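A.B. asks: Here you go, entry_4.cif (mmCIF, C-alpha atoms and all ligand atoms):
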```cif
data_protein
#
loop_
_atom_site.label_atom_id
_atom_site.label_comp_id
_atom_site.auth_asym_id
_atom_site.auth_seq_id
_atom_site.Cartn_x
_atom_site.Cartn_y
_atom_site.Cartn_z
CA MET A 1 -11.83 25.13 3.37
CA LYS A 2 -9.45 22.57 4.93
CA SER A 3 -10.31 18.89 4.45
CA LYS A 4 -11.35 16.85 7.48
CA ILE A 5 -9.74 13.47 6.97
CA LEU A 6 -10.20 10.01 8.51
CA ILE A 7 -7.54 7.35 8.03
CA ILE A 8 -8.78 3.83 8.73
CA GLY A 9 -5.91 1.42 9.44
CA ALA A 10 -3.60 4.25 10.47
CA CYS A 11 -1.27 2.06 12.56
CA GLY A 12 -0.16 -0.03 9.58
CA GLN A 13 2.92 0.33 7.38
CA ILE A 14 1.48 2.84 4.88
CA GLY A 15 -1.23 4.26 7.16
CA SER A 16 1.24 5.51 9.77
CA GLU A 17 3.39 7.47 7.33
CA LEU A 18 0.35 8.70 5.43
CA THR A 19 -1.06 10.05 8.70
CA SER A 20 2.14 12.05 9.39
CA LYS A 21 2.20 13.47 5.86
CA LEU A 22 -1.47 14.45 5.87
CA ARG A 23 -1.07 16.08 9.29
CA GLN A 24 1.82 18.16 7.93
CA LEU A 25 -0.34 19.23 5.00
CA HIS A 26 -3.72 19.72 6.67
CA GLY A 27 -2.96 20.28 10.36
CA ILE A 28 -2.93 17.74 13.20
CA ASP A 29 -6.53 18.28 14.29
CA ASN A 30 -7.89 17.88 10.77
CA VAL A 31 -6.56 14.34 10.39
CA ILE A 32 -8.20 11.67 12.54
CA ALA A 33 -6.21 8.45 12.77
CA SER A 34 -8.04 5.20 13.53
CA ASP A 35 -7.23 1.52 13.85
CA ILE A 36 -8.64 -1.58 15.47
CA ASN A 37 -6.05 -1.35 18.26
CA THR A 38 -3.40 0.96 19.66
CA ARG A 39 -0.38 -1.11 18.56
CA ASN A 40 1.57 1.93 17.26
CA LEU A 41 1.85 4.21 20.30
CA ASP A 42 3.86 6.94 18.54
CA LEU A 43 1.03 7.26 16.04
CA VAL A 44 -1.71 7.02 18.67
CA ASN A 45 -0.13 9.82 20.70
CA SER A 46 0.58 12.09 17.74
CA GLY A 47 -2.95 13.55 17.35
CA PRO A 48 -6.65 12.64 17.35
CA PHE A 49 -7.07 8.86 17.40
CA GLU A 50 -10.15 6.59 17.50
CA ILE A 51 -10.36 2.82 17.91
CA ILE A 52 -12.47 1.65 14.96
CA ASP A 53 -13.10 -1.78 13.50
CA ALA A 54 -13.28 -1.13 9.75
CA LYS A 55 -15.87 -3.91 9.46
CA ASN A 56 -18.27 -2.05 11.73
CA PHE A 57 -20.36 0.27 9.54
CA ASN A 58 -21.88 2.21 12.45
CA ALA A 59 -18.49 2.83 14.05
CA VAL A 60 -17.12 4.24 10.78
CA LYS A 61 -20.27 6.28 10.16
CA ASP A 62 -20.39 7.71 13.71
CA CYS A 63 -16.75 8.75 13.52
CA CYS A 64 -17.33 10.45 10.14
CA LYS A 65 -20.34 12.32 11.55
CA ASN A 66 -18.73 13.26 14.89
CA TYR A 67 -15.70 14.80 13.22
CA ASN A 68 -17.44 16.15 10.07
CA ILE A 69 -15.16 14.01 7.93
CA ASP A 70 -15.19 14.69 4.18
CA THR A 71 -12.34 12.41 3.03
CA VAL A 72 -11.58 8.81 4.04
CA TYR A 73 -8.37 6.88 3.35
CA LEU A 74 -9.23 3.20 3.87
CA MET A 75 -5.87 1.55 4.57
CA ALA A 76 -7.07 -1.47 6.62
CA ALA A 77 -6.62 -4.81 4.83
CA LEU A 78 -5.33 -8.34 5.19
CA LEU A 79 -2.45 -8.74 2.72
CA SER A 80 -1.48 -11.58 0.40
CA ALA A 81 0.32 -13.99 2.73
CA THR A 82 -2.03 -13.54 5.72
CA GLY A 83 -5.00 -13.72 3.38
CA GLU A 84 -3.97 -17.23 2.30
CA LYS A 85 -4.00 -18.31 5.95
CA TYR A 86 -7.34 -16.64 6.75
CA PRO A 87 -9.27 -16.46 3.46
CA MET A 88 -12.71 -15.70 4.91
CA GLU A 89 -11.34 -13.04 7.26
CA ALA A 90 -9.52 -11.43 4.32
CA TRP A 91 -12.71 -11.38 2.26
CA ASP A 92 -14.75 -10.05 5.17
CA LEU A 93 -12.39 -7.20 6.08
CA ASN A 94 -11.22 -6.21 2.59
CA MET A 95 -14.68 -6.18 1.00
CA ASN A 96 -16.98 -5.01 3.79
CA SER A 97 -14.77 -2.10 4.84
CA LEU A 98 -14.77 -0.94 1.22
CA PHE A 99 -18.56 -1.16 0.95
CA HIS A 100 -18.90 0.84 4.17
CA VAL A 101 -16.92 3.81 2.90
CA LEU A 102 -18.37 3.63 -0.62
CA ASN A 103 -21.87 3.64 0.86
CA LEU A 104 -21.04 6.58 3.14
CA ALA A 105 -19.88 8.46 0.06
CA LYS A 106 -22.94 7.41 -1.92
CA GLY A 107 -25.19 8.66 0.91
CA GLY A 108 -23.35 12.02 1.07
CA THR A 109 -21.82 11.58 4.56
CA ILE A 110 -18.33 11.87 3.03
CA LYS A 111 -17.18 13.31 -0.30
CA LYS A 112 -13.98 11.55 -1.29
CA VAL A 113 -12.45 8.09 -0.81
CA PHE A 114 -8.96 6.66 -1.22
CA TRP A 115 -8.78 2.89 -1.40
CA PRO A 116 -5.53 1.05 -2.14
CA SER A 117 -5.40 -1.67 -4.76
CA SER A 118 -2.31 -3.78 -5.46
CA ILE A 119 -0.24 -5.57 -8.08
CA ALA A 120 -1.95 -8.64 -6.56
CA VAL A 121 -4.89 -8.01 -8.94
CA PHE A 122 -2.71 -9.62 -11.61
CA GLY A 123 -2.12 -13.35 -12.00
CA PRO A 124 -0.23 -15.97 -13.97
CA THR A 125 -2.09 -15.22 -17.22
CA THR A 126 -1.17 -11.52 -17.09
CA PRO A 127 1.76 -10.39 -19.30
CA ASN A 128 4.38 -10.09 -16.57
CA LYS A 129 6.84 -7.62 -18.08
CA ASN A 130 5.76 -3.99 -18.26
CA THR A 131 2.25 -5.11 -17.33
CA PRO A 132 -0.28 -2.82 -19.06
CA GLN A 133 -2.97 -0.82 -17.27
CA HIS A 134 -5.74 -2.79 -18.96
CA THR A 135 -4.97 -6.49 -19.30
CA THR A 136 -5.94 -10.01 -18.26
CA MET A 137 -6.43 -10.26 -14.50
CA GLU A 138 -6.85 -13.73 -13.00
CA PRO A 139 -5.46 -13.40 -9.45
CA THR A 140 -4.70 -16.60 -7.55
CA THR A 141 -4.75 -15.19 -4.00
CA VAL A 142 -7.73 -14.23 -1.85
CA TYR A 143 -6.12 -10.82 -1.35
CA GLY A 144 -5.79 -10.39 -5.14
CA ILE A 145 -9.41 -11.42 -5.65
CA THR A 146 -10.59 -8.84 -3.08
CA LYS A 147 -8.54 -6.13 -4.76
CA GLN A 148 -9.76 -7.02 -8.24
CA VAL A 149 -13.40 -7.14 -7.14
CA GLY A 150 -12.88 -3.96 -5.12
CA GLU A 151 -11.63 -2.17 -8.21
CA ARG A 152 -14.78 -3.14 -10.08
CA TRP A 153 -16.95 -1.84 -7.23
CA CYS A 154 -15.01 1.45 -7.07
CA GLU A 155 -15.57 1.99 -10.77
CA TYR A 156 -19.23 1.02 -10.43
CA TYR A 157 -19.86 3.44 -7.55
CA ASN A 158 -18.15 6.20 -9.50
CA GLN A 159 -20.08 5.62 -12.71
CA ARG A 160 -23.45 4.81 -11.20
CA TYR A 161 -23.53 7.08 -8.13
CA GLY A 162 -20.85 9.69 -8.90
CA VAL A 163 -18.70 8.66 -5.90
CA ASP A 164 -15.29 10.35 -6.02
CA VAL A 165 -13.15 7.28 -5.30
CA ARG A 166 -9.49 7.09 -6.29
CA SER A 167 -7.11 4.16 -6.20
CA ILE A 168 -3.65 2.97 -7.12
CA ARG A 169 -2.17 -0.51 -7.47
CA TYR A 170 0.66 -0.43 -4.94
CA PRO A 171 3.73 -2.53 -5.61
CA GLY A 172 5.75 -3.75 -2.58
CA ILE A 173 6.42 -0.76 -0.32
CA ILE A 174 9.74 -0.36 1.49
CA SER A 175 10.09 1.81 4.58
CA TRP A 176 12.23 2.06 7.70
CA LYS A 177 9.70 3.50 10.17
CA THR A 178 7.00 0.81 10.41
CA MET A 179 7.25 -2.88 9.52
CA PRO A 180 4.90 -4.32 6.88
CA GLY A 181 2.70 -7.20 7.97
CA GLY A 182 1.59 -10.28 6.11
CA GLY A 183 2.66 -9.49 2.55
CA THR A 184 4.73 -11.36 -0.04
CA THR A 185 6.96 -8.34 -0.67
CA ASP A 186 7.82 -7.99 3.07
CA TYR A 187 11.23 -9.59 2.50
CA ALA A 188 12.43 -6.35 0.92
CA VAL A 189 12.00 -4.57 4.28
CA GLU A 190 13.12 -7.42 6.56
CA ILE A 191 16.36 -7.78 4.59
CA TYR A 192 17.52 -4.27 5.58
CA HIS A 193 16.77 -4.81 9.27
CA LYS A 194 18.61 -8.14 9.32
CA ALA A 195 21.52 -6.68 7.36
CA ILE A 196 22.01 -4.11 10.12
CA THR A 197 21.33 -6.34 13.12
CA GLU A 198 22.78 -9.72 11.99
CA LYS A 199 24.66 -9.11 8.71
CA LYS A 200 22.75 -12.05 7.24
CA TYR A 201 19.25 -12.82 5.97
CA GLU A 202 17.39 -15.95 4.92
CA CYS A 203 15.03 -14.94 2.12
CA PHE A 204 11.67 -16.66 1.68
CA LEU A 205 11.77 -16.01 -2.09
CA SER A 206 14.29 -17.39 -4.59
CA LYS A 207 17.18 -15.20 -5.69
CA GLU A 208 15.85 -14.49 -9.19
CA THR A 209 12.27 -13.51 -8.17
CA GLU A 210 11.79 -10.07 -9.68
CA LEU A 211 8.95 -7.94 -8.28
CA PRO A 212 7.81 -4.29 -8.61
CA MET A 213 8.71 -2.24 -5.51
CA MET A 214 8.69 1.37 -4.29
CA PHE A 215 10.22 3.45 -1.50
CA MET A 216 7.66 4.73 1.02
CA GLU A 217 8.29 8.41 0.29
CA ASP A 218 7.31 7.82 -3.34
CA ALA A 219 4.24 5.79 -2.30
CA ILE A 220 3.06 8.60 -0.02
CA ASP A 221 3.67 11.20 -2.75
CA ALA A 222 1.60 9.10 -5.15
CA THR A 223 -1.23 8.68 -2.63
CA VAL A 224 -1.42 12.37 -1.79
CA GLY A 225 -0.83 13.24 -5.45
CA ILE A 226 -3.80 11.32 -6.81
CA MET A 227 -6.07 12.59 -4.00
CA GLU A 228 -5.14 16.23 -4.52
CA SER A 229 -5.43 16.15 -8.32
CA ASP A 230 -8.32 17.87 -10.02
CA THR A 231 -11.14 15.36 -10.37
CA LYS A 232 -11.19 15.81 -14.18
CA LYS A 233 -7.66 14.39 -14.36
CA ILE A 234 -8.68 11.10 -12.74
CA GLN A 235 -9.75 9.18 -15.83
CA ILE A 236 -9.45 5.69 -14.30
CA ARG A 237 -11.78 4.95 -11.40
CA SER A 238 -10.85 1.31 -10.87
CA ALA A 239 -7.15 1.73 -9.94
CA TYR A 240 -4.04 3.12 -11.62
CA ASN A 241 -0.92 1.03 -12.24
CA LEU A 242 1.94 2.55 -10.25
CA ALA A 243 5.64 1.74 -10.64
CA ALA A 244 9.07 2.84 -9.50
CA ILE A 245 11.67 0.06 -9.39
CA SER A 246 11.85 -3.69 -9.95
CA PHE A 247 14.52 -5.95 -8.49
CA THR A 248 15.28 -9.50 -7.33
CA PRO A 249 16.43 -10.59 -3.84
CA GLU A 250 19.92 -11.04 -5.30
CA GLN A 251 19.95 -7.47 -6.66
CA ILE A 252 18.79 -5.90 -3.38
CA ALA A 253 21.39 -7.98 -1.51
CA ASN A 254 24.12 -6.71 -3.85
CA SER A 255 23.01 -3.15 -3.28
CA ILE A 256 23.16 -3.71 0.53
CA LYS A 257 26.65 -5.25 0.23
CA LYS A 258 27.94 -1.90 -1.09
CA HIS A 259 27.24 -0.49 2.41
CA ILE A 260 27.68 -3.64 4.52
CA PRO A 261 30.37 -5.69 2.73
CA GLY A 262 30.07 -8.76 4.98
CA PHE A 263 26.30 -9.13 4.43
CA GLN A 264 25.21 -12.64 3.42
CA ILE A 265 21.93 -13.80 1.94
CA THR A 266 20.61 -17.37 1.73
CA TYR A 267 17.40 -18.54 0.09
CA LYS A 268 14.66 -20.81 1.46
CA PRO A 269 11.51 -20.25 -0.62
CA ASP A 270 8.22 -21.00 1.15
CA PHE A 271 4.52 -20.75 0.16
CA ARG A 272 5.01 -17.07 -0.74
CA GLN A 273 7.15 -18.08 -3.74
CA ALA A 274 4.05 -19.23 -5.66
CA ILE A 275 2.34 -15.92 -4.92
CA ALA A 276 5.36 -13.93 -6.12
CA ASP A 277 5.62 -16.09 -9.24
CA SER A 278 2.03 -15.19 -10.15
CA TRP A 279 2.71 -11.42 -10.01
CA PRO A 280 4.27 -9.09 -12.61
CA LYS A 281 7.99 -8.38 -12.71
CA SER A 282 7.49 -4.79 -13.87
CA ILE A 283 4.57 -2.43 -14.42
CA ASP A 284 3.63 0.09 -17.12
CA ASP A 285 2.32 3.12 -15.19
CA SER A 286 2.21 5.56 -18.10
CA ALA A 287 -1.49 6.35 -17.49
CA ALA A 288 -0.75 7.64 -13.95
CA ARG A 289 2.23 9.63 -15.25
CA LYS A 290 0.10 11.18 -17.98
CA ASP A 291 -3.18 11.78 -16.13
CA TRP A 292 -1.97 13.17 -12.79
CA SER A 293 1.78 13.69 -13.36
CA TRP A 294 3.00 10.84 -11.15
CA ASN A 295 6.78 10.55 -10.96
CA HIS A 296 9.02 8.52 -8.65
CA LYS A 297 12.24 9.77 -7.10
CA TYR A 298 13.99 6.73 -5.61
CA ASP A 299 15.85 4.03 -7.52
CA LEU A 300 17.29 0.93 -5.79
CA GLU A 301 20.62 2.55 -4.87
CA ALA A 302 19.06 5.75 -3.47
CA MET A 303 16.57 3.70 -1.47
CA THR A 304 19.26 1.39 -0.03
CA LYS A 305 21.38 4.39 1.00
CA GLU A 306 18.45 5.96 2.85
CA MET A 307 17.25 2.68 4.44
CA ILE A 308 20.71 1.87 5.78
CA LEU A 309 21.31 5.41 7.04
CA GLN A 310 17.99 5.55 8.90
CA LEU A 311 18.07 2.00 10.27
CA LYS A 312 21.62 2.42 11.56
CA LYS A 313 20.42 5.46 13.54
CA LYS A 314 17.38 3.54 14.76
CA TYR A 315 19.32 0.50 15.99
CA ASN A 316 22.08 2.58 17.52
C1 LIG B 1 1.71 -7.87 -0.45
O1 LIG B 1 2.84 -8.35 -0.64
O2 LIG B 1 0.72 -8.56 -0.20
C2 LIG B 1 1.54 -6.38 -0.57
C3 LIG B 1 1.10 -5.97 -1.94
C4 LIG B 1 2.02 -6.11 -3.08
O3 LIG B 1 0.00 -5.54 -2.10
N1 LIG B 1 2.74 -5.71 -0.23
#
```
Would you write out, as structure tokens, the structure that this file holds?

C.D. replies:
Amino acid sequence: MKSKILIIGACGQIGSELTSKLRQLHGIDNVIASDINTRNLDLVNSGPFEIIDAKNFNAVKDCCKNYNIDTVYLMAALLSATGEKYPMEAWDLNMNSLFHVLNLAKGGTIKKVFWPSSIAVFGPTTPNKNTPQHTTMEPTTVYGITKQVGERWCEYYNQRYGVDVRSIRYPGIISWKTMPGGGTTDYAVEIYHKAITEKKYECFLSKETELPMMFMEDAIDATVGIMESDTKKIQIRSAYNLAAISFTPEQIANSIKKHIPGFQITYKPDFRQAIADSWPKSIDDSAARKDWSWNHKYDLEAMTKEMILQLKKKYN
């Protein structure tokens, strides 16, 4: 039997591409996209769409019942930089939306949940090179706190109530279709757009700030991969470390210069520098590779080639 899927936060950076992929796999009418507004019209017009506030339990429940939903991907969240500006809103959205879907799964309305965690669960006391799956986690951002607490709740609902919840710790995600919003890793998307449109970019992180990153196609493969794996393979019910590439602003700029020789980068670190400094430089994701055969395809050079190719078409 085909899954009936609800994506909450479908207009966002990952949600929009996840919706397209799941519609290819499961059929347009089996994937219901939802968001708090209709800001992404291409997405809204591409199949069934509902306006849902993820904080509203009854709205989420009614939608699940009306469409006979069995699987929910909860992609709505306030990210690290926005979360620092609106701490209570970040806590409210990130935690309550998670409780809503976990409780719908606990009550039997839905069967399976995907909830994204993040490298933001780690903090300054975490070993920052090849960060292990199980390690010290003392996040310094509100976003990181919500993700760390969320992981504990996911594991609790799985162990105590048998809820089939699956999660990965996304690094920064780079894509050309939809812009990210409110994250610390957003520079790695903005830089490509500015390289094409202005041949220059002022980076809000310092040139040597190394962070874990991933091309969108790999992130979507990982998301679908963990959700479609046999449940016995999912040994970790908090969230899996996930990695592909790590680079600094200087390294990504050098990779862009191979395609746009006149490109210039300058550096003006702001409040996001402290957030980036508290996160790992690289991640050990061997558990995900072993348990459910995760593998990435894109390195920095392959990603830059694709980003520049697609963005040139878009801006032309
Ligand atoms: C952010 O920068 O806040 C996000 C993340 C790493 O979770 N992209």

A.B. asks: Output the neighbourhood of ligand LIG 1 (chain B) as a PyMOL selection string, that is, all protein and nucleic acid residues with some atom at most 10 Å from the ligand, counting all atoms listed in the file.

C.D. replies: chain A and resi 13+77-83+116-121+141+143-144+147+169-174+180-188+211-213+272+275-276+279

A.B. asks: Using all atoms listed in the file, tabulate the residues of region 173-198 of chain A lying at most 12 Å from any atom of region 255-271 of chain A, each with its closest atom pair and that distance in Å to one decimal, by chain and increasing residue number, as CSV.

C.D. replies:
```
residue,atom,partner,partner_atom,distance
A:Gly183,CA,A:Phe271,CA,11.7
A:Thr184,CA,A:Phe271,CA,9.4
A:Tyr187,CA,A:Pro269,CA,11.1
A:Ala188,CA,A:Ile256,CA,11.1
A:Val189,CA,A:Ile256,CA,11.8
A:Glu190,CA,A:Ile265,CA,11.8
A:Ile191,CA,A:Ile265,CA,8.6
A:Tyr192,CA,A:Ile256,CA,7.6
A:His193,CA,A:Ile256,CA,10.9
A:Lys194,CA,A:Phe263,CA,9.2
A:Ala195,CA,A:Phe263,CA,6.1
A:Ile196,CA,A:Ile260,CA,8.0
A:Thr197,CA,A:Phe263,CA,10.4
A:Glu198,CA,A:Phe263,CA,8.4
```

A.B. asks: How many Å lie between CA of Tyr161 (chain A) and CA of Leu104 (chain A), rounded to one decimal?

C.D. replies: 11.6 Å

A.B. asks: Ranking A:Glu306, A:Glu155, A:Glu217, A:Glu210 by minimum distance to Asp277 (chain A) and counting only C-alpha atoms, which one comes first?

C.D. replies: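 Answer, going by the shortest atom-to-atom distance: A:Glu210.
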
A.B. asks: Report, in Å to a single decimal, how far apart CA of Leu242 (chain A) and CA of Met214 (chain A) are.

C.D. replies: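 According to the coordinates, CA of Met214 (chain A) and CA of Leu242 (chain A) are separated by 9.1 Å.
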
A.B. asks: How many Å separate CA of Asp29 (chain A) from CA of Lys314 (chain A)?

C.D. replies: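 These two atoms are separated by 28.1 Å.
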
A.B. asks: Between A:Ile252, A:Leu22, A:Ala33, A:Val101, which is the closest to Lys305 (chain A) once you count all atoms listed in the file?

C.D. replies: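 Among the listed residues, the smallest separation from Lys305 (chain A) belongs to A:Ile252.
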
A.B. asks: Of the candidates A:Arg39, A:Arg23, A:Trp91, A:Tyr73, which shows the shortest atom-to-atom distance to Lys55 (chain A), using only C-alpha atoms?

C.D. replies: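 Smallest separation from Lys55 (chain A) among the options: A:Trp91.
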
A.B. asks: Looking at all atoms listed in the file, which of A:Phe215, A:Phe114, A:Tyr156, A:Phe49 is the one that sits closest to Met307 (chain A)?

C.D. replies: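 Looking only at the distances to Met307 (chain A), the closest residue turns out to be A:Phe215.
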
A.B. asks: List as a VMD selection string: which residues have an atom within 12 Å of (-17.7, 1.3, 8.8), counting only C-alpha atoms?

C.D. replies: chain A and resid 6 to 9 34 to 36 51 to 65 72 74 76 93 to 105 109

A.B. asks: Identify which of the residues A:Cys154, A:Ala274, A:Ile5, A:Ile236 lies closest to Phe204 (chain A), counting all atoms listed in the file when measuring atom-to-atom distances.

C.D. replies: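 Closest residue, counting all atoms listed in the file: A:Ala274.
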
A.B. asks: Counting all atoms listed in the file, figure out which residue out of A:Thr126, A:Thr131, A:Ser167, A:Thr178 gets nearest to Ser16 (chain A).

C.D. replies: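 Counting all atoms listed in the file, the residue closest to Ser16 (chain A) is A:Thr178.
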
A.B. asks: To box region 77-91 of chain A, take all atoms listed in the file, fit an axis-aligned box, add 4 Å on each side, and give centre and edge lengths in Å to one decimal, as lines of an AutoDock Vina configuration file.

C.D. replies:
```
center_x = -6.2
center_y = -11.6
center_z = 3.8
size_x = 21.0
size_y = 21.5
size_z = 14.9
```

A.B. asks: Report as JSON lines the residues of region 18-109 of chain A within 10 Å of region 218-230 of chain A, each with its shortest atom pair and distance in Å (one decimal), using only C-alpha atoms, ordered by chain and increasing residue number.

C.D. replies:
```
{"residue": "A:Leu18", "atom": "CA", "partner": "A:Ile220", "partner_atom": "CA", "distance": 6.1}
{"residue": "A:Thr19", "atom": "CA", "partner": "A:Ile220", "partner_atom": "CA", "distance": 9.8}
{"residue": "A:Lys21", "atom": "CA", "partner": "A:Ile220", "partner_atom": "CA", "distance": 7.7}
{"residue": "A:Leu22", "atom": "CA", "partner": "A:Val224", "partner_atom": "CA", "distance": 7.9}
{"residue": "A:Leu25", "atom": "CA", "partner": "A:Val224", "partner_atom": "CA", "distance": 9.7}
{"residue": "A:Thr71", "atom": "CA", "partner": "A:Met227", "partner_atom": "CA", "distance": 9.4}
{"residue": "A:Tyr73", "atom": "CA", "partner": "A:Thr223", "partner_atom": "CA", "distance": 9.5}
```
